[in-house]
>>> print(open('input_15.cif').read())   # mmCIF, C-alpha atoms
data_coords
loop_
_atom_site.label_atom_id
_atom_site.label_comp_id
_atom_site.auth_asym_id
_atom_site.auth_seq_id
_atom_site.Cartn_x
_atom_site.Cartn_y
_atom_site.Cartn_z
CA MET A 91 97.54 149.76 130.31
CA THR A 92 96.26 149.25 126.75
CA ARG A 93 94.10 146.17 126.28
CA HIS A 94 94.85 144.66 122.86
CA ASP A 95 92.76 142.17 120.91
CA PHE A 96 95.66 139.71 120.96
CA ASP A 97 98.89 139.18 122.84
CA LEU A 98 100.64 138.02 119.68
CA PHE A 99 99.72 138.50 116.03
CA ILE A 100 101.66 136.52 113.42
CA ILE A 101 101.63 137.29 109.70
CA GLY A 102 102.34 134.09 107.79
CA ALA A 103 101.51 130.45 108.49
CA GLY A 104 104.66 128.81 107.21
CA SER A 105 107.10 126.80 109.29
CA GLY A 106 108.21 129.66 111.53
CA GLY A 107 104.80 131.26 111.92
CA VAL A 108 102.99 128.04 112.79
CA ARG A 109 105.65 126.98 115.29
CA ALA A 110 105.54 130.38 117.02
CA ALA A 111 101.73 130.31 117.11
CA ARG A 112 101.60 126.80 118.57
CA LEU A 113 104.11 127.51 121.30
CA ALA A 114 102.46 130.78 122.26
CA GLY A 115 99.01 129.18 122.22
CA GLN A 116 100.23 126.38 124.46
CA ARG A 117 101.27 129.03 126.97
CA GLY A 118 97.71 130.33 127.11
CA LEU A 119 98.37 133.50 125.13
CA ARG A 120 95.80 135.08 122.84
CA VAL A 121 97.28 134.44 119.40
CA ALA A 122 96.14 135.22 115.87
CA VAL A 123 97.68 134.13 112.57
CA ALA A 124 96.86 135.63 109.18
CA GLU A 125 97.58 133.69 106.00
CA ASP A 126 96.14 134.20 102.52
CA ALA A 127 97.74 131.13 100.93
CA ALA A 128 97.88 127.43 101.73
CA LEU A 129 98.93 126.66 105.29
CA GLY A 130 102.46 125.39 105.83
CA GLY A 131 104.26 127.92 103.66
CA THR A 132 106.90 127.15 101.07
CA CYS A 133 108.17 123.95 102.66
CA VAL A 134 104.86 122.13 102.72
CA ASN A 135 103.37 123.45 99.50
CA VAL A 136 106.08 124.25 96.97
CA GLY A 137 109.34 123.33 98.69
CA CYS A 138 110.79 120.55 100.81
CA ILE A 139 107.88 118.12 100.93
CA PRO A 140 106.70 118.03 97.29
CA LYS A 141 110.29 118.31 96.08
CA LYS A 142 111.35 115.21 97.97
CA LEU A 143 108.23 113.33 96.87
CA TYR A 144 109.15 114.11 93.27
CA SER A 145 112.72 113.10 93.98
CA PHE A 146 111.46 109.72 95.19
CA ALA A 147 109.42 109.41 91.99
CA ALA A 148 112.43 110.25 89.83
CA HIS A 149 114.55 107.50 91.37
CA TYR A 150 112.20 104.74 90.25
CA ALA A 151 113.27 104.81 86.60
CA GLU A 152 116.86 103.93 87.45
CA SER A 153 115.71 101.48 90.12
CA PHE A 154 113.67 99.57 87.54
CA GLU A 155 116.73 99.39 85.31
CA GLU A 156 119.05 98.39 88.14
CA ALA A 157 116.73 95.58 89.20
CA HIS A 158 117.84 93.50 86.22
CA GLY A 159 121.25 93.01 87.80
CA PHE A 160 119.56 91.46 90.83
CA GLY A 161 117.57 88.93 88.82
CA TRP A 162 114.31 90.81 88.30
CA THR A 163 112.60 90.75 84.91
CA LEU A 164 110.21 93.66 84.43
CA ASP A 165 107.91 94.87 81.72
CA ALA A 166 108.86 98.27 80.33
CA PRO A 167 107.65 100.79 82.95
CA SER A 168 105.80 103.97 82.04
CA PHE A 169 105.40 107.23 83.96
CA ASP A 170 102.14 109.14 84.40
CA TRP A 171 102.65 112.80 85.32
CA ALA A 172 98.98 113.34 86.18
CA THR A 173 99.02 110.53 88.76
CA LEU A 174 102.09 111.94 90.49
CA LYS A 175 100.57 115.42 90.60
CA ALA A 176 97.26 114.18 91.96
CA ASN A 177 98.83 112.02 94.67
CA ARG A 178 101.16 114.83 95.69
CA ALA A 179 98.25 117.29 95.87
CA ALA A 180 96.27 114.92 98.09
CA GLU A 181 99.18 114.57 100.51
CA ILE A 182 99.78 118.32 100.63
CA ALA A 183 96.08 118.93 101.31
CA ARG A 184 96.32 116.50 104.23
CA LEU A 185 99.28 118.41 105.62
CA ASN A 186 97.46 121.72 105.14
CA ARG A 187 94.63 120.41 107.33
CA ILE A 188 97.08 119.23 109.98
CA TYR A 189 98.77 122.62 110.13
CA GLY A 190 95.40 124.26 110.67
CA GLU A 191 94.50 121.81 113.42
CA LEU A 192 97.85 122.29 115.13
CA MET A 193 97.01 125.95 115.61
CA THR A 194 93.29 125.87 116.31
CA SER A 195 93.72 123.03 118.82
CA VAL A 196 95.66 125.40 121.11
CA GLY A 197 93.22 128.26 120.69
CA VAL A 198 94.93 130.19 117.90
CA THR A 199 92.61 132.41 115.85
CA LEU A 200 93.25 131.71 112.18
CA LEU A 201 92.41 134.51 109.74
CA ARG A 202 92.43 133.33 106.12
CA ALA A 203 93.24 136.60 104.37
CA ARG A 204 96.17 138.87 103.59
CA ALA A 205 97.45 141.07 106.41
CA ARG A 206 99.06 144.49 106.39
CA LEU A 207 100.63 146.44 109.23
CA VAL A 208 98.84 149.71 109.91
CA GLY A 209 100.57 150.52 113.21
CA ALA A 210 103.21 149.36 115.61
CA HIS A 211 100.50 147.31 117.32
CA ALA A 212 97.89 147.06 114.56
CA VAL A 213 97.24 144.77 111.60
CA GLU A 214 94.52 145.10 108.98
CA VAL A 215 93.05 141.86 107.68
CA ASP A 216 90.21 141.84 105.16
CA GLY A 217 89.24 145.39 106.11
CA VAL A 218 89.24 144.75 109.86
CA VAL A 219 91.94 146.20 112.12
CA HIS A 220 93.23 143.99 114.93
CA SER A 221 95.53 145.17 117.71
CA ALA A 222 98.22 143.11 119.40
CA GLU A 223 100.88 143.69 122.00
CA ARG A 224 103.48 142.11 119.72
CA LEU A 225 103.61 141.38 116.01
CA VAL A 226 105.65 138.73 114.20
CA VAL A 227 106.40 138.82 110.48
CA ALA A 228 106.93 135.30 109.15
CA THR A 229 106.08 135.68 105.48
CA GLY A 230 109.00 133.70 104.10
CA GLY A 231 110.62 134.17 100.71
CA TRP A 232 109.60 134.30 97.08
CA PRO A 233 111.38 133.22 93.87
CA VAL A 234 113.29 135.93 92.05
CA PRO A 235 111.77 136.25 88.54
CA ALA A 236 113.77 136.05 85.34
CA ASP A 237 115.06 139.52 84.50
CA VAL A 238 115.47 139.16 80.73
CA PRO A 239 113.30 140.01 77.72
CA GLY A 240 110.48 137.49 77.65
CA GLY A 241 111.21 136.51 81.26
CA GLU A 242 107.49 136.17 81.93
CA LEU A 243 107.57 132.96 79.89
CA ALA A 244 109.75 131.28 82.53
CA ILE A 245 108.27 129.49 85.52
CA SER A 246 109.57 129.38 89.08
CA SER A 247 109.83 126.58 91.62
CA ASN A 248 106.31 127.60 92.72
CA GLU A 249 104.80 126.43 89.41
CA ILE A 250 107.06 123.52 88.47
CA PHE A 251 105.08 120.94 90.46
CA ASP A 252 101.79 121.52 88.66
CA LEU A 253 102.58 122.04 84.98
CA ALA A 254 99.64 120.97 82.85
CA GLU A 255 101.86 118.82 80.63
CA PHE A 256 105.10 117.09 81.52
CA PRO A 257 107.94 119.05 79.87
CA LYS A 258 109.85 116.73 77.60
CA ARG A 259 112.50 119.44 77.18
CA LEU A 260 113.31 121.49 80.28
CA VAL A 261 115.84 124.29 80.60
CA VAL A 262 116.86 125.14 84.16
CA ILE A 263 118.46 128.50 84.85
CA GLY A 264 120.71 128.68 87.91
CA GLY A 265 123.43 126.76 89.70
CA GLY A 266 122.18 126.73 93.28
CA TYR A 267 120.71 123.80 95.13
CA ILE A 268 117.13 124.41 93.96
CA ALA A 269 118.20 124.49 90.31
CA CYS A 270 120.33 121.37 90.70
CA GLU A 271 117.58 119.47 92.50
CA PHE A 272 114.98 120.13 89.83
CA ALA A 273 117.45 119.38 87.04
CA SER A 274 118.08 115.99 88.66
CA ILE A 275 114.42 115.31 89.37
CA PHE A 276 113.08 116.05 85.89
CA ASN A 277 115.98 114.25 84.27
CA GLY A 278 115.07 111.21 86.36
CA LEU A 279 111.42 111.50 85.37
CA GLY A 280 112.39 111.37 81.71
CA ALA A 281 112.82 114.97 80.55
CA GLU A 282 115.71 116.17 78.41
CA VAL A 283 117.26 118.67 80.84
CA THR A 284 119.73 121.45 80.10
CA GLN A 285 121.01 123.45 83.06
CA LEU A 286 122.56 126.87 82.45
CA TYR A 287 124.76 128.58 85.01
CA ARG A 288 126.81 131.72 84.49
CA GLY A 289 129.48 130.75 87.06
CA GLU A 290 132.42 128.39 86.74
CA GLN A 291 130.79 125.49 88.62
CA ILE A 292 127.38 124.70 90.11
CA LEU A 293 126.62 124.80 93.85
CA ARG A 294 128.70 127.84 94.82
CA GLY A 295 129.39 127.83 98.55
CA PHE A 296 129.62 124.04 98.85
CA ASP A 297 132.90 122.17 99.18
CA ASP A 298 134.78 122.20 95.87
CA ASP A 299 135.15 118.41 95.79
CA VAL A 300 131.40 118.09 96.35
CA ARG A 301 130.66 120.55 93.56
CA ASP A 302 132.85 118.81 91.03
CA PHE A 303 131.71 115.32 92.05
CA VAL A 304 127.99 116.13 91.88
CA ALA A 305 128.36 117.87 88.53
CA ALA A 306 130.11 114.82 87.11
CA GLU A 307 127.47 112.44 88.47
CA MET A 308 124.60 114.58 87.17
CA LYS A 309 126.20 114.68 83.73
CA LYS A 310 126.62 110.89 83.75
CA LYS A 311 122.90 110.58 84.40
CA GLY A 312 122.10 112.79 81.42
CA VAL A 313 121.80 116.38 82.68
CA ASP A 314 123.44 118.74 80.19
CA ILE A 315 125.17 121.21 82.54
CA ARG A 316 126.55 124.27 80.76
CA VAL A 317 128.60 126.52 83.03
CA GLY A 318 129.77 129.95 81.95
CA THR A 319 126.47 130.27 80.10
CA ASN A 320 123.54 132.58 80.73
CA MET A 321 120.06 133.11 79.36
CA LEU A 322 119.66 136.36 77.39
CA GLY A 323 115.99 136.18 76.50
CA LEU A 324 112.95 134.01 75.86
CA VAL A 325 110.58 133.94 72.86
CA ARG A 326 107.52 131.79 72.28
CA THR A 327 107.82 129.77 69.08
CA SER A 328 105.03 129.18 66.60
CA GLY A 329 104.97 125.55 67.70
CA GLY A 330 104.31 126.47 71.33
CA GLY A 331 107.82 125.93 72.62
CA ILE A 332 110.14 128.50 74.16
CA ARG A 333 113.28 129.63 72.38
CA VAL A 334 116.13 130.41 74.81
CA ALA A 335 118.82 132.78 73.57
CA LEU A 336 122.22 131.99 75.09
CA SER A 337 125.17 134.18 75.97
CA GLY A 338 127.99 133.61 73.53
CA GLY A 339 125.52 132.82 70.78
CA GLY A 340 123.31 129.85 70.09
CA GLU A 341 119.88 128.94 71.36
CA LEU A 342 117.80 126.14 72.82
CA VAL A 343 114.13 125.27 72.38
CA ALA A 344 112.29 123.94 75.41
CA ASP A 345 108.80 123.06 76.51
CA ALA A 346 109.40 124.85 79.84
CA VAL A 347 112.07 127.11 81.31
CA LEU A 348 112.58 127.04 85.07
CA CYS A 349 114.22 130.13 86.54
CA ALA A 350 115.84 129.12 89.83
CA THR A 351 118.30 131.95 90.42
CA GLY A 352 117.43 132.74 94.01
CA ARG A 353 114.72 133.73 96.47
CA ALA A 354 114.07 137.10 98.07
CA PRO A 355 112.34 137.97 101.37
CA ASN A 356 108.59 138.31 100.89
CA THR A 357 107.98 141.76 102.42
CA ALA A 358 106.34 143.71 99.58
CA GLY A 359 102.95 145.16 100.46
CA LEU A 360 103.12 144.39 104.19
CA GLY A 361 103.28 148.04 105.24
CA LEU A 362 106.62 147.62 106.98
CA GLU A 363 108.23 150.73 105.52
CA ALA A 364 105.27 152.89 106.55
CA GLN A 365 105.78 151.78 110.16
CA GLY A 366 109.48 152.62 110.03
CA VAL A 367 110.69 149.01 110.10
CA ALA A 368 114.26 148.81 108.83
CA LEU A 369 114.73 146.57 105.78
CA ALA A 370 117.90 145.32 104.12
CA PRO A 371 118.49 146.20 100.45
CA ASN A 372 116.92 142.90 99.39
CA GLY A 373 113.81 143.52 101.51
CA ALA A 374 114.77 141.37 104.50
CA VAL A 375 113.56 142.52 107.90
CA VAL A 376 116.57 143.64 109.94
CA VAL A 377 116.41 142.09 113.42
CA ASP A 378 118.65 141.78 116.47
CA GLU A 379 119.78 138.62 118.22
CA HIS A 380 116.29 138.20 119.66
CA TYR A 381 114.53 138.66 116.28
CA ARG A 382 113.25 142.12 117.19
CA SER A 383 113.18 144.84 114.55
CA ASN A 384 114.01 148.46 115.23
CA VAL A 385 110.30 148.90 116.06
CA THR A 386 110.27 147.16 119.44
CA SER A 387 106.81 145.59 119.10
CA ILE A 388 107.58 144.05 115.70
CA HIS A 389 109.60 140.84 115.33
CA ALA A 390 110.44 138.56 112.41
CA VAL A 391 111.68 134.99 111.89
CA GLY A 392 112.40 132.61 109.03
CA ASP A 393 113.32 133.29 105.43
CA VAL A 394 111.99 136.85 105.68
CA ILE A 395 115.08 137.80 107.75
CA ASP A 396 117.36 136.06 105.25
CA ARG A 397 119.88 134.51 107.62
CA VAL A 398 119.72 130.83 106.64
CA GLN A 399 116.81 129.85 104.40
CA LEU A 400 116.06 126.41 105.77
CA THR A 401 112.91 125.09 107.43
CA PRO A 402 114.65 123.76 110.59
CA VAL A 403 116.26 127.17 111.03
CA ALA A 404 112.89 128.93 110.85
CA LEU A 405 111.51 126.49 113.42
CA ALA A 406 114.47 127.09 115.73
CA GLU A 407 114.15 130.86 115.37
CA ALA A 408 110.45 130.70 116.23
CA MET A 409 111.15 128.64 119.35
CA ALA A 410 113.90 131.02 120.44
CA LEU A 411 111.63 134.03 119.90
CA ILE A 412 108.75 132.66 121.94
CA ASP A 413 111.14 131.60 124.70
CA HIS A 414 112.64 135.08 124.75
CA LEU A 415 109.27 136.83 124.83
CA TYR A 416 107.38 134.52 127.18
CA GLY A 417 109.88 132.09 128.73
CA ASP A 418 113.19 132.15 130.50
CA GLY A 419 115.08 133.33 127.42
CA ALA A 420 117.62 130.52 127.59
CA ARG A 421 117.01 129.18 124.08
CA CYS A 422 119.09 130.56 121.22
CA VAL A 423 119.91 129.52 117.67
CA ASP A 424 123.43 128.39 116.82
CA TYR A 425 123.96 129.13 113.13
CA THR A 426 127.24 127.21 112.97
CA HIS A 427 127.36 123.60 111.79
CA ILE A 428 123.84 123.47 110.33
CA PRO A 429 123.38 120.09 108.62
CA THR A 430 122.09 120.40 105.07
CA ALA A 431 120.84 117.97 102.45
CA VAL A 432 120.47 118.60 98.73
CA PHE A 433 118.25 116.22 96.80
CA THR A 434 120.26 116.02 93.65
CA HIS A 435 120.80 112.58 92.13
CA PRO A 436 122.87 111.45 93.95
CA ASN A 437 122.05 113.33 97.16
CA ILE A 438 124.37 115.66 99.03
CA GLY A 439 124.73 115.78 102.79
CA THR A 440 126.99 118.33 104.42
CA ILE A 441 127.76 119.92 107.76
CA GLY A 442 130.43 122.34 108.87
CA PHE A 443 133.19 123.96 106.86
CA SER A 444 134.23 123.28 103.32
CA GLU A 445 137.91 122.61 102.79
CA ARG A 446 138.35 126.09 101.32
CA ASP A 447 136.66 127.82 104.26
CA ALA A 448 138.51 125.67 106.80
CA ARG A 449 141.85 126.63 105.28
CA ALA A 450 140.93 130.29 105.65
CA ARG A 451 139.77 129.84 109.25
CA PHE A 452 142.24 127.41 110.83
CA GLU A 453 146.02 127.51 110.93
CA LYS A 454 146.40 123.91 109.83
CA ILE A 455 143.92 121.26 108.71
CA ARG A 456 143.92 117.61 107.72
CA VAL A 457 141.63 116.37 104.97
CA PHE A 458 140.38 112.81 104.52
CA ARG A 459 138.63 111.88 101.28
CA THR A 460 137.38 108.74 99.60
CA ASP A 461 135.13 107.90 96.69
CA PHE A 462 133.96 104.43 95.75
CA LYS A 463 131.35 102.34 94.00
CA PRO A 464 128.67 101.42 96.57
CA LEU A 465 127.99 97.74 97.13
CA ARG A 466 124.56 98.03 95.50
CA HIS A 467 126.06 99.11 92.22
CA THR A 468 128.43 96.16 91.99
CA LEU A 469 125.39 94.30 90.63
CA SER A 470 123.07 97.09 89.50
CA GLY A 471 125.10 98.06 86.46
CA SER A 472 125.06 101.73 87.50
CA SER A 473 128.30 103.72 87.35
CA GLU A 474 127.21 105.99 90.22
CA ARG A 475 129.87 106.56 92.86
CA THR A 476 129.83 107.91 96.42
CA LEU A 477 132.06 110.62 97.85
CA MET A 478 132.90 111.12 101.53
CA LYS A 479 135.13 113.77 103.04
CA LEU A 480 136.25 114.89 106.49
CA VAL A 481 137.94 118.18 107.34
CA VAL A 482 139.83 118.23 110.65
CA ASP A 483 141.29 121.13 112.64
CA ALA A 484 144.84 119.87 113.23
CA ALA A 485 145.26 122.00 116.36
CA ASN A 486 142.69 120.07 118.41
CA ASP A 487 141.75 117.09 116.16
CA ARG A 488 138.14 118.28 116.01
CA VAL A 489 136.12 117.36 112.93
CA VAL A 490 134.97 120.70 111.51
CA GLY A 491 133.61 119.61 108.13
CA LEU A 492 131.84 116.47 106.95
CA HIS A 493 130.56 116.01 103.42
CA MET A 494 128.91 113.20 101.48
CA VAL A 495 127.55 112.66 97.99
CA GLY A 496 125.62 109.43 97.65
CA ALA A 497 122.35 107.63 98.22
CA ASP A 498 120.37 108.96 101.21
CA ALA A 499 123.22 111.28 102.17
CA GLY A 500 120.91 113.42 104.28
CA GLU A 501 119.87 110.45 106.38
CA THR A 502 123.51 109.60 107.01
CA ILE A 503 124.63 113.14 107.80
CA GLN A 504 121.94 113.74 110.42
CA GLY A 505 123.52 111.28 112.83
CA PHE A 506 127.00 112.63 112.32
CA ALA A 507 125.66 116.14 112.89
CA VAL A 508 124.94 115.16 116.51
CA ALA A 509 128.53 113.99 116.93
CA MET A 510 129.93 117.18 115.45
CA LYS A 511 127.64 119.31 117.61
CA ALA A 512 129.09 117.48 120.61
CA GLY A 513 132.62 118.34 119.45
CA ALA A 514 133.72 114.93 118.20
CA THR A 515 137.37 114.59 117.27
CA LYS A 516 138.89 112.49 114.54
CA ALA A 517 140.13 110.17 117.28
CA VAL A 518 136.53 109.62 118.37
CA PHE A 519 135.57 108.82 114.76
CA ASP A 520 138.50 106.40 114.54
CA ALA A 521 137.49 104.68 117.79
CA THR A 522 133.90 104.19 116.60
CA LEU A 523 133.08 100.81 115.10
CA GLY A 524 131.48 100.90 111.69
CA ILE A 525 128.31 99.11 110.65
CA HIS A 526 129.25 96.70 107.88
CA PRO A 527 128.49 96.70 105.04
CA THR A 528 127.25 100.29 104.80
CA ALA A 529 128.47 103.38 103.04
CA ALA A 530 128.34 105.33 106.32
CA GLU A 531 131.09 103.19 107.86
CA GLU A 532 133.58 104.92 105.60
CA PHE A 533 133.34 107.99 107.84
CA VAL A 534 134.87 106.00 110.72
CA THR A 535 137.42 104.03 108.70
CA MET A 536 139.27 106.80 106.82
CA ARG A 537 142.76 106.81 108.32
CA THR A 538 145.19 108.45 105.91
CA PRO A 539 144.88 112.18 105.30
CA MET A 540 144.77 113.06 101.61
CA VAL A 541 146.07 116.57 102.21
CA ALA A 542 148.26 117.97 104.97
CA SER A 543 148.93 121.67 105.26
#
>>> encode(input="input_15.cif", output="structure tokens")
Amino acid sequence: MTRHDFDLFIIGAGSGGVRAARLAGQRGLRVAVAEDAALGGTCVNVGCIPKKLYSFAAHYAESFEEAHGFGWTLDAPSFDWATLKANRAAEIARLNRIYGELMTSVGVTLLRARARLVGAHAVEVDGVVHSAERLVVATGGWPVPADVPGGELAISSNEIFDLAEFPKRLVVIGGGYIACEFASIFNGLGAEVTQLYRGEQILRGFDDDVRDFVAAEMKKKGVDIRVGTNMLGLVRTSGGGIRVALSGGGELVADAVLCATGRAPNTAGLGLEAQGVALAPNGAVVVDEHYRSNVTSIHAVGDVIDRVQLTPVALAEAMALIDHLYGDGARCVDYTHIPTAVFTHPNIGTIGFSERDARARFEKIRVFRTDFKPLRHTLSGSSERTLMKLVVDAANDRVVGLHMVGADAGETIQGFAVAMKAGATKAVFDATLGIHPTAAEEFVTMRTPMVAS
């Protein structure tokens, strides 16, 4: 029997890679992880964590204004971009250290360099070849660059957090959740934001009511959303700005252009093709239900397999993989009813089917919908409204879709996600007492279906 250097070798120390390494290390396995960038991957460094910190920062401007309605008198506030960047960087550095300690504390060997597969059981790191019984690719995703003349002038979500100067004029390209989040965030921080999307409405794939409601709320807050519009090219102006040529004619001038039109699996240069590992057309590693590629010793989890690009999904996939390889194999990932939050202003929280998808899937549905001015804004002076929506399978009364647009929607949805996972019916919702006065109580007080079909 071949004696390898390691039982498990993981390429990538993002959410999935670190979770797999920790669990394997706790089982006493010989584990190595190679990472040439900051520990924690996209989520910790240029994704979930810094994005939500910046979202918090962006809410303060409107909170200062709203305070007047509650009797507070404030001096005119000012925002310092450098302070936000520095404080964010300090927090991310703390998390980077924690991620390292999580692995080394269970005996994981951490190699701080780029890795490349050189065999079905071999990885080269910094000129040294290491062998392992099993290999795991957990290299995540990478922003898709702007594919237009002058596209190199655009930045991605990787760079947006650390711009040298705050962009007073920002153009955001894209209509997905990343584009919408950054449009909201920088609008809240004081930038003049124009968002361009070639489709008919932002947030394709979300419930249509949610899409329309969020777009309207973002526009009320000052984001100039232009649908049916695309970027044709970028040119640097003599004054240092960026001229954006628009489809249909016209142009914009911005201090920065954020291209947020998608992310692709980060598999380039890993040596996967040379080892015969099957890849999808977009570069994703093709795996089976146990995250094994067509090369039996090579596995993959997280964004690099391009199933659902969310941190909790990568964590769940890593746990299922380690359980399959070294445990009883009982753990699996259920990709249905994944709760999701989008940190637009206001936030989105959603779980289950949109109304459109539910109509296609179920013979008959009932839809409950309400929108209202939250109690806070009866005094704040803000015109922001909240949307809540339930989609019910009429055949068995089960709630199959739950959607919210409003303050802290993600916090609200998480609890309801447990109920939906347990198979809660509309009758169970109706029998549940609400907490008054809260926005969340609306989910258990909606009685009259808006649509019957």
>>> residues_around(input="input_15.cif", residues="Met308 of chain A", least_positions_apart="2", cutoff="12 Å", atoms="all atoms listed in the file", output="PyMOL selection string")
chain A and resi 270-278+283-285+292+300-306+310-316+433-438+473-475+495-496
>>> resolve_selection(input="input_15.cif", expression="the PyMOL selection byres ((chain A and resi 529-540) around 9)", output="JSON, numbers by chain")
{"A": [456, 457, 458, 459, 460, 464, 465, 476, 478, 479, 480, 492, 496, 497, 499, 502, 503, 516, 518, 519, 520, 521, 522, 523, 524, 525, 526, 527, 528, 541, 542]}
>>> closest_residue(input="input_15.cif", among="A:Ser168, A:Arg353, A:Thr440, A:Tyr416", to="Asp498 of chain A", atoms="only C-alpha atoms")
A:Thr440
>>> resolve_selection(input="input_15.cif", expression="the PyMOL selection byres ((chain A and resi 193-195) around 10)", output="number ranges by chain")
A: 103, 108-116, 121-123, 188-192, 196-200
>>> residues_around(input="input_15.cif", residues="Asn248 of chain A", least_positions_apart="4", cutoff="10 Å", atoms="all atoms listed in the file", output="ChimeraX atom specification")
/A:132,135-137,232-233,252,348
>>> atom_distance(input="input_15.cif", atom1="atom CA of Arg446 of chain A", atom2="atom CA of Asp298 of chain A")
7.6 Å
>>> resolve_selection(input="input_15.cif", expression="the PyMOL selection byres ((chain A and resi 100) around 10)", output="PyMOL selection string")
chain A and resi 98-99+101-103+106-108+110-111+121-125+200+205+213+222+224-229+388-390
>>> closest_residue(input="input_15.cif", among="A:Tyr144, A:Gly361, A:Ser337, A:Ala166", to="Glu214 of chain A", atoms="only C-alpha atoms")
A:Gly361
>>> atom_distance(input="input_15.cif", atom1="atom CA of Ala408 of chain A", atom2="atom CA of Val215 of chain A")
22.4 Å
>>> residues_around(input="input_15.cif", residues="Ala368 of chain A", least_positions_apart="3", cutoff="8 Å", atoms="all atoms listed in the file", output="ChimeraX atom specification")
/A:362-363,375-376,383-384
